[in-house]
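These notes are about the structure you will find just below.
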Amino acid sequence: MKLTEIEKHISKVILKEAAKKTVRELDENPPGIFVAFVDDGNESYDVQIETNADGEITKHNCDCAVKNKFCVHKVAVVLKIANAKNPKQKSTTKSKKINATELLLQKVDGEELKKWVLQLISNNKEIELEFQHRFTETKTHYTQTEIEKLTLDAVKAVIKNRKHPDASELKKIVQLWQTIHQPIIDIYMNNITNHENSNYIISIVETCIKIQDSFRTSSTGISTYIRVLLGKVYDAILSIENNELWAQVISKYLKCIWDKDNRMVVPYHNFAISFLEGNNPQRDLVILHHIFDSAKELLINNVAFENTSNKSLLDLAIKHNLFGKYYFLFTPIIYDNEYNIKLVKHLLEIKQYKIASKYCHRIISYNAQDIYNVPYLNFLRQIYTDTNEEIKKLMIIKKLLPLTFNFEDYVYLSNKMEDGEDKKKWRSNLLSKAKRESSYSEMSFACQEFCIQLMIAEGKTHRLFDFLNRNASFSLVIKYFDYFKSVDANLFIKQICNIEDTEFGFFGQQNQTKIDRETLSDLIIKAYPKPLLMAINNGRNMFSSRSVLVDIIQRKLIDVV
């Protein structure tokens with residue numbers, strides 16, 4: 001797709017939405033690579049569009065969460081590029097007209113011009129730096145110190161002694177870097193297998209990261225610059241056909257994934273991960289084993305990983321079936337249930353019961369609320385079931401039951417207990433807790449069902465309707481519809497029609513409530529005789545004014561009657 005053909009391939013809805021976005025700091029450097037920021041509400045997204053000589057889009061990237069081929073932010077940038085005026089496309093007259101500045105430049109004395117230029121550049125550090133870069137003899141070798149100085153000089157040229165640049169100044173810094181770093185990058189690109197040349201790229205990236213860490217800014221300009229630079233390195237390394245030589249070249253960058261403080265350097269980590277999409281198993285193993293073996297070395301030296309590093313490594317190990325080999329690298333992260341559940345789940349899959357049990361108990365010990373313990377108690381239950389530790393399993397189920405109200409667990413525990421006052425007291429306390437939480441707890445459905453199942457099991461059918469109260473769940477009514485009707489059909493229909501059923505639903509389950517309401521109304525009309533239905537229709541004022549269910553039954557009765 002060409003830049004100028006964007007409107008042919010994108011829907012009008014997206015085009016209209018893209019036109020509303022603000023595109024900032026659109027820059028093309030080098031030719032064909034466009035980088036910009038797109039403001040979307042309170043968020044700002046970093047977008048990169050790459051084109052070939054024919055204006056066709058070859059690569060595109062946006063750091064938003066949308067995974068579509070072309071998100072609205074990319075479209076906004078493409079529209080900006082396509083609509084921008086290109087001086088190269090302006091028509092020119094047959095005879096070029098010399099402007100006043102060019103005419104004066106032809107007449108001015110050379111010495112006077114030099115004096116004027118010297119004065120100009122001495123008053124403008126940015127121009128001075130570019131001048132030195134433009135007219136200094138081309139170097140073929142750089143030291144790390146020289147690269148760091150060049151990079152830092154660009155920052156000083158723009159913001160002088162201040163510590164934090166604004167957005168426009170940051171853009172100028174990145175533009176200067178693009179100019180002064182290019183000869184260094186060219187040396188590398190001309191001989192990418194030279195290990196010393198790899199140090200040039202590493203020096204640039206490390207210095208840029210240090211500078212980025214020192215700035216207090218939300219701008220992603222430096223991150224983008226580093227990503228684009230490593231993207232060029234990626235393309236160059238990917239072109240190496242010999243696997244042994246490829247491994248030697250990439251090893252320099254793999255060693256940079258952890259910094260001197262043993263923190264993961266995200267740009268290098270992402271750079272390494274990008275090679276895993278190349279469908280080359282031999283090369284994938286080189287990268288993966290280096291990443292995990294280096295992490296193992298850090299662990300041996302008692303280095304604790306940052307949470308972000310732990311998460312990234314865990315996902316990587318799971319995705320590439322290496323968790324079984326490197327499971328010992330991972331430990332729980334406080335208050336991060338998604339990560340912790342994933343970790344314990346995979347420990348159980350490889351039957352590392354001892355470690356999984358240790359982690360579950362550790363997580364439970366720092367959880368603030370009991371409800372968060374449920375998945376870990378279930379893991380412990382599985383562990384003690386698999387390891388035939390019946391007493392420990394029994395203790396876990398006792399802890400689980402007041403949190404889940406699973407009736408099968410109740411029966412299991414009840415059968416294990418001796419009859420007597422203790423058992424009666426335990427049963428009474430459990431039932432009281434279920435009643436209390438049946439109308440306001442997130443476990444309301446489980447609590448209501450537990451009460452009903454207990455009454456059925458104990459043969460106390462006369463007590464069933466006590467739990468079919470104004471706060472009863474429609475899903476529960478549907479599940480036990482036939483049983484309730486068989487006990488007392490008239491009382492059942494009366495109770496149903498008095499459930500406080502508002503359009504707000506229960507505990508945020510509005511959509512499910514609407515579905516259940518329709519299902520239940522159909523069941524009632526099908527199961528009850530017409531005279532009784534007519535009585536409902538004529539006696540609307542006998543039922544709860546907050547029952548939408550009755551209104552639906554009335555409406556459907558028009559068709560039935």
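As shown in the structure tokens, the chain order sets the letters A, B, ...; within each chain, residues go from 1, and ligands are also counted from 1 in the order they appear.
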
Output as an mmCIF file with C-alpha atoms, in the first residue's frame all residues of segment 219-449 of chain A that backbone DSSP marks as alpha helix (DSSP H).
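And here's out.cif as it stands now:
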data_model
loop_
_atom_site.group_PDB
_atom_site.id
_atom_site.type_symbol
_atom_site.label_atom_id
_atom_site.label_comp_id
_atom_site.auth_asym_id
_atom_site.auth_seq_id
_atom_site.Cartn_x
_atom_site.Cartn_y
_atom_site.Cartn_z
ATOM 1 C CA GLY A 221 11.710 10.219 21.684
ATOM 2 C CA ILE A 222 14.905 8.638 23.034
ATOM 3 C CA SER A 223 13.278 5.186 23.345
ATOM 4 C CA THR A 224 12.206 5.471 19.727
ATOM 5 C CA TYR A 225 15.688 6.516 18.652
ATOM 6 C CA ILE A 226 17.229 3.510 20.430
ATOM 7 C CA ARG A 227 14.609 1.144 18.995
ATOM 8 C CA VAL A 228 15.141 2.420 15.445
ATOM 9 C CA LEU A 229 18.918 2.109 15.832
ATOM 10 C CA LEU A 230 18.699 -1.462 17.147
ATOM 11 C CA GLY A 231 16.206 -2.202 14.378
ATOM 12 C CA LYS A 232 18.906 -1.361 11.824
ATOM 13 C CA VAL A 233 21.342 -3.599 13.701
ATOM 14 C CA TYR A 234 18.705 -6.356 13.742
ATOM 15 C CA ASP A 235 18.308 -6.191 9.954
ATOM 16 C CA ALA A 236 22.083 -6.304 9.502
ATOM 17 C CA ILE A 237 22.617 -9.282 11.826
ATOM 18 C CA LEU A 238 19.644 -11.138 10.356
ATOM 19 C CA ASN A 243 25.164 -19.653 12.064
ATOM 20 C CA GLU A 244 28.509 -19.708 13.865
ATOM 21 C CA LEU A 245 29.397 -16.199 12.733
ATOM 22 C CA TRP A 246 25.848 -15.033 13.562
ATOM 23 C CA ALA A 247 26.219 -16.389 17.118
ATOM 24 C CA GLN A 248 29.534 -14.565 17.586
ATOM 25 C CA VAL A 249 28.054 -11.252 16.440
ATOM 26 C CA ILE A 250 24.857 -11.390 18.492
ATOM 27 C CA SER A 251 26.659 -12.559 21.637
ATOM 28 C CA LYS A 252 27.985 -9.014 22.137
ATOM 29 C CA TYR A 253 24.426 -7.715 22.448
ATOM 30 C CA LEU A 254 23.150 -10.642 24.517
ATOM 31 C CA VAL A 266 14.678 -3.606 28.270
ATOM 32 C CA PRO A 267 15.857 -2.370 24.815
ATOM 33 C CA TYR A 268 18.456 -5.164 24.603
ATOM 34 C CA HIS A 269 16.011 -7.753 25.971
ATOM 35 C CA ASN A 270 13.410 -6.799 23.362
ATOM 36 C CA PHE A 271 16.139 -6.739 20.712
ATOM 37 C CA ALA A 272 17.114 -10.306 21.576
ATOM 38 C CA ILE A 273 13.496 -11.489 21.705
ATOM 39 C CA SER A 274 12.836 -10.049 18.240
ATOM 40 C CA PRO A 281 15.348 -23.241 16.034
ATOM 41 C CA GLN A 282 19.141 -23.392 16.219
ATOM 42 C CA ARG A 283 19.458 -19.631 16.579
ATOM 43 C CA ASP A 284 16.487 -19.470 18.945
ATOM 44 C CA LEU A 285 18.250 -21.819 21.360
ATOM 45 C CA VAL A 286 21.411 -19.688 21.301
ATOM 46 C CA ILE A 287 19.407 -16.643 22.403
ATOM 47 C CA LEU A 288 17.167 -18.428 24.906
ATOM 48 C CA HIS A 289 19.930 -20.328 26.668
ATOM 49 C CA HIS A 290 22.065 -17.207 26.913
ATOM 50 C CA ILE A 291 19.199 -15.247 28.467
ATOM 51 C CA PHE A 292 18.355 -17.942 31.012
ATOM 52 C CA ASP A 293 21.917 -19.048 31.742
ATOM 53 C CA SER A 294 22.919 -15.454 32.473
ATOM 54 C CA ALA A 295 19.873 -15.135 34.766
ATOM 55 C CA LYS A 296 20.937 -18.385 36.452
ATOM 56 C CA GLU A 297 24.411 -16.948 37.034
ATOM 57 C CA LEU A 298 22.896 -13.895 38.683
ATOM 58 C CA LEU A 299 20.760 -16.100 40.919
ATOM 59 C CA ILE A 300 23.846 -18.065 42.002
ATOM 60 C CA ASN A 307 9.407 -7.802 39.095
ATOM 61 C CA THR A 308 9.285 -6.751 35.442
ATOM 62 C CA SER A 309 12.273 -8.990 34.695
ATOM 63 C CA ASN A 310 10.658 -11.936 36.485
ATOM 64 C CA LYS A 311 7.430 -11.554 34.513
ATOM 65 C CA SER A 312 9.190 -11.252 31.182
ATOM 66 C CA LEU A 313 11.410 -14.267 31.832
ATOM 67 C CA LEU A 314 8.500 -16.407 33.033
ATOM 68 C CA ASP A 315 6.455 -15.704 29.907
ATOM 69 C CA LEU A 316 9.510 -16.443 27.772
ATOM 70 C CA ALA A 317 10.211 -19.742 29.538
ATOM 71 C CA ILE A 318 6.596 -20.886 29.230
ATOM 72 C CA LYS A 319 6.261 -19.871 25.589
ATOM 73 C CA PHE A 323 10.092 -23.655 32.306
ATOM 74 C CA GLY A 324 10.923 -27.218 33.321
ATOM 75 C CA LYS A 325 14.635 -26.459 32.985
ATOM 76 C CA TYR A 326 14.678 -23.005 34.584
ATOM 77 C CA ASN A 337 -1.984 -12.762 41.584
ATOM 78 C CA GLU A 338 -1.865 -13.106 37.797
ATOM 79 C CA TYR A 339 1.869 -13.816 37.851
ATOM 80 C CA ASN A 340 1.760 -15.955 41.010
ATOM 81 C CA ILE A 341 -1.083 -18.160 39.774
ATOM 82 C CA LYS A 342 0.717 -18.676 36.469
ATOM 83 C CA LEU A 343 3.936 -19.599 38.321
ATOM 84 C CA VAL A 344 2.327 -22.126 40.706
ATOM 85 C CA LYS A 345 0.211 -23.627 37.916
ATOM 86 C CA HIS A 346 3.297 -24.431 35.856
ATOM 87 C CA LEU A 347 5.177 -25.726 38.890
ATOM 88 C CA LEU A 348 2.369 -28.231 39.392
ATOM 89 C CA GLU A 349 2.504 -29.229 35.721
ATOM 90 C CA TYR A 353 5.071 -30.026 44.597
ATOM 91 C CA LYS A 354 7.471 -29.018 47.363
ATOM 92 C CA ILE A 355 8.331 -25.646 45.814
ATOM 93 C CA ALA A 356 4.715 -25.018 44.757
ATOM 94 C CA SER A 357 3.497 -25.722 48.300
ATOM 95 C CA LYS A 358 6.139 -23.413 49.773
ATOM 96 C CA TYR A 359 5.147 -20.593 47.404
ATOM 97 C CA CYS A 360 1.410 -21.037 48.072
ATOM 98 C CA HIS A 361 1.921 -20.725 51.819
ATOM 99 C CA ARG A 362 4.167 -17.690 51.298
ATOM 100 C CA ILE A 363 1.593 -15.926 49.095
ATOM 101 C CA ILE A 364 -1.219 -16.700 51.541
ATOM 102 C CA SER A 365 0.832 -15.246 54.396
ATOM 103 C CA TYR A 366 0.953 -11.798 52.821
ATOM 104 C CA VAL A 374 -8.782 -19.309 47.173
ATOM 105 C CA PRO A 375 -6.654 -20.158 44.094
ATOM 106 C CA TYR A 376 -3.647 -21.001 46.281
ATOM 107 C CA LEU A 377 -5.732 -23.119 48.642
ATOM 108 C CA ASN A 378 -7.034 -24.977 45.602
ATOM 109 C CA PHE A 379 -3.445 -25.502 44.453
ATOM 110 C CA LEU A 380 -2.556 -26.890 47.893
ATOM 111 C CA ARG A 381 -5.579 -29.151 47.744
ATOM 112 C CA GLN A 382 -4.359 -30.512 44.400
ATOM 113 C CA ILE A 383 -0.845 -30.981 45.800
ATOM 114 C CA TYR A 384 -2.016 -32.909 48.860
ATOM 115 C CA THR A 385 -4.381 -34.991 46.730
ATOM 116 C CA ASP A 386 -1.595 -35.942 44.327
ATOM 117 C CA GLU A 390 -5.007 -36.778 53.532
ATOM 118 C CA ILE A 391 -4.685 -34.832 56.810
ATOM 119 C CA LYS A 392 -3.198 -31.768 55.087
ATOM 120 C CA LYS A 393 -5.846 -32.020 52.392
ATOM 121 C CA LEU A 394 -8.568 -32.070 55.049
ATOM 122 C CA MET A 395 -7.157 -28.924 56.684
ATOM 123 C CA ILE A 396 -7.108 -27.096 53.337
ATOM 124 C CA ILE A 397 -10.728 -28.005 52.569
ATOM 125 C CA LYS A 398 -11.742 -26.654 56.007
ATOM 126 C CA LYS A 399 -10.145 -23.332 55.073
ATOM 127 C CA LEU A 400 -11.697 -23.361 51.600
ATOM 128 C CA LEU A 401 -15.284 -24.140 52.523
ATOM 129 C CA PRO A 402 -16.159 -20.765 54.191
ATOM 130 C CA LEU A 403 -14.689 -19.029 51.121
ATOM 131 C CA THR A 404 -16.276 -21.122 48.352
ATOM 132 C CA PHE A 407 -21.506 -28.281 48.949
ATOM 133 C CA GLU A 408 -19.484 -31.350 47.944
ATOM 134 C CA ASP A 409 -16.728 -30.147 50.263
ATOM 135 C CA TYR A 410 -19.313 -29.725 53.009
ATOM 136 C CA VAL A 411 -20.478 -33.318 52.556
ATOM 137 C CA TYR A 412 -16.861 -34.523 52.509
ATOM 138 C CA LEU A 413 -16.014 -32.744 55.770
ATOM 139 C CA SER A 414 -19.318 -33.684 57.399
ATOM 140 C CA ASN A 415 -18.686 -37.357 56.746
ATOM 141 C CA LYS A 416 -15.255 -37.028 58.363
ATOM 142 C CA GLU A 421 -22.425 -30.724 69.461
ATOM 143 C CA ASP A 422 -19.210 -29.668 67.722
ATOM 144 C CA LYS A 423 -20.520 -30.817 64.372
ATOM 145 C CA LYS A 424 -23.876 -29.098 64.946
ATOM 146 C CA LYS A 425 -22.145 -25.875 65.929
ATOM 147 C CA TRP A 426 -19.892 -26.063 62.857
ATOM 148 C CA ARG A 427 -22.902 -26.629 60.580
ATOM 149 C CA SER A 428 -24.861 -23.789 62.210
ATOM 150 C CA ASN A 429 -21.986 -21.293 61.941
ATOM 151 C CA LEU A 430 -21.422 -22.183 58.312
ATOM 152 C CA LEU A 431 -25.119 -21.783 57.445
ATOM 153 C CA SER A 432 -25.272 -18.432 59.262
ATOM 154 C CA LYS A 433 -22.266 -17.167 57.329
ATOM 155 C CA ALA A 434 -23.819 -18.297 54.038
ATOM 156 C CA LYS A 435 -27.069 -16.482 54.914
ATOM 157 C CA ARG A 436 -25.234 -13.266 55.777
ATOM 158 C CA GLU A 437 -23.220 -13.257 52.581
ATOM 159 C CA SER A 444 -23.860 -14.511 46.750
ATOM 160 C CA PHE A 445 -24.794 -17.201 44.208
ATOM 161 C CA ALA A 446 -22.608 -19.835 45.892
ATOM 162 C CA CYS A 447 -23.971 -18.869 49.327
ATOM 163 C CA GLN A 448 -27.611 -19.017 48.200
ATOM 164 C CA GLU A 449 -27.084 -22.344 46.454
#

What does the distance from atom CA of Asn279 of chain A to atom CA of Asn321 of chain A come to in Å, to one decimal?
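Pair atom CA of Asn279 of chain A / atom CA of Asn321 of chain A returns 15.5 Å.
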
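The gap separating atom CA of Glu148 of chain A from atom CA of Ser203 of chain A is 6.9 Å, in Å to one decimal.
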
Find the residues around Ile552 of chain A up to 10 Å (only C-alpha atoms counted), leave out those fewer than 2 positions away in its own chain, and share them as an NGL selection string.
:A and (517-518 or 521-522 or 547-550 or 554-557)

Export, as a PDB file, in the first residue's frame, the selected residues with N, CA and C atoms.
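Okay, part.pdb is ready:
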ATOM      1  N   ARG A 517     -33.589 -13.172  33.011  1.00  0.00           N
ATOM      2  CA  ARG A 517     -34.958 -12.658  33.129  1.00  0.00           C
ATOM      3  C   ARG A 517     -35.821 -13.179  31.981  1.00  0.00           C
ATOM      4  N   GLU A 518     -35.266 -13.156  30.767  1.00  0.00           N
ATOM      5  CA  GLU A 518     -36.004 -13.649  29.597  1.00  0.00           C
ATOM      6  C   GLU A 518     -36.239 -15.155  29.695  1.00  0.00           C
ATOM      7  N   SER A 521     -38.858 -15.923  32.479  1.00  0.00           N
ATOM      8  CA  SER A 521     -40.230 -15.565  32.081  1.00  0.00           C
ATOM      9  C   SER A 521     -40.802 -16.613  31.125  1.00  0.00           C
ATOM     10  N   ASP A 522     -39.969 -17.137  30.215  1.00  0.00           N
ATOM     11  CA  ASP A 522     -40.428 -18.192  29.289  1.00  0.00           C
ATOM     12  C   ASP A 522     -40.758 -19.474  30.051  1.00  0.00           C
ATOM     13  N   SER A 547     -40.006  -5.234  40.371  1.00  0.00           N
ATOM     14  CA  SER A 547     -39.803  -6.454  39.596  1.00  0.00           C
ATOM     15  C   SER A 547     -40.035  -6.203  38.104  1.00  0.00           C
ATOM     16  N   VAL A 548     -38.961  -6.147  37.366  1.00  0.00           N
ATOM     17  CA  VAL A 548     -39.047  -6.020  35.909  1.00  0.00           C
ATOM     18  C   VAL A 548     -39.546  -7.334  35.315  1.00  0.00           C
ATOM     19  N   LEU A 549     -39.257  -8.450  36.002  1.00  0.00           N
ATOM     20  CA  LEU A 549     -39.695  -9.762  35.540  1.00  0.00           C
ATOM     21  C   LEU A 549     -41.205  -9.796  35.346  1.00  0.00           C
ATOM     22  N   VAL A 550     -41.971  -9.247  36.285  1.00  0.00           N
ATOM     23  CA  VAL A 550     -43.433  -9.245  36.188  1.00  0.00           C
ATOM     24  C   VAL A 550     -43.873  -8.441  34.966  1.00  0.00           C
ATOM     25  N   GLN A 554     -46.103  -9.895  31.879  1.00  0.00           N
ATOM     26  CA  GLN A 554     -47.322  -9.224  31.409  1.00  0.00           C
ATOM     27  C   GLN A 554     -47.279  -9.001  29.898  1.00  0.00           C
ATOM     28  N   ARG A 555     -46.144  -8.535  29.422  1.00  0.00           N
ATOM     29  CA  ARG A 555     -46.004  -8.259  27.996  1.00  0.00           C
ATOM     30  C   ARG A 555     -46.142  -9.538  27.165  1.00  0.00           C
ATOM     31  N   LYS A 556     -45.505 -10.607  27.639  1.00  0.00           N
ATOM     32  CA  LYS A 556     -45.548 -11.866  26.898  1.00  0.00           C
ATOM     33  C   LYS A 556     -46.923 -12.527  26.980  1.00  0.00           C
ATOM     34  N   LEU A 557     -47.678 -12.228  28.028  1.00  0.00           N
ATOM     35  CA  LEU A 557     -49.010 -12.805  28.174  1.00  0.00           C
ATOM     36  C   LEU A 557     -49.957 -12.333  27.077  1.00  0.00           C
TER      37      LEU A 557
END

Do you have the atom CA of Leu276 of chain A-atom CA of Tyr200 of chain A distance handy?
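These two atoms are separated by 24.3 Å.
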
Counting only C-alpha atoms, what is within 12 Å of Tyr480 of chain A, bar same-chain residues fewer than 5 positions away, as an MDAnalysis selection string?
chainID A and resid 448:449 452:453 456 464:465 468 472:475 485:487 492 520 523

Would you list the contacts of His181 of chain A as an mmCIF file with C-alpha atoms, in the first residue's frame, taking every protein, DNA or RNA residue within 9 Å and counting only C-alpha atoms, but skipping same-chain residues closer than 3 positions in sequence?
data_model
loop_
_atom_site.group_PDB
_atom_site.id
_atom_site.type_symbol
_atom_site.label_atom_id
_atom_site.label_comp_id
_atom_site.auth_asym_id
_atom_site.auth_seq_id
_atom_site.Cartn_x
_atom_site.Cartn_y
_atom_site.Cartn_z
ATOM 1 C CA ILE A 147 31.243 8.397 21.493
ATOM 2 C CA LEU A 150 29.790 13.336 21.200
ATOM 3 C CA THR A 151 26.453 12.145 22.554
ATOM 4 C CA LEU A 176 21.583 16.040 16.497
ATOM 5 C CA TRP A 177 22.222 12.440 17.489
ATOM 6 C CA GLN A 178 20.961 11.268 14.131
ATOM 7 C CA ILE A 184 29.722 5.809 13.585
ATOM 8 C CA ILE A 185 26.770 3.662 12.544
ATOM 9 C CA ASP A 186 28.100 3.557 8.958
ATOM 10 C CA ILE A 204 25.690 4.830 21.689
#
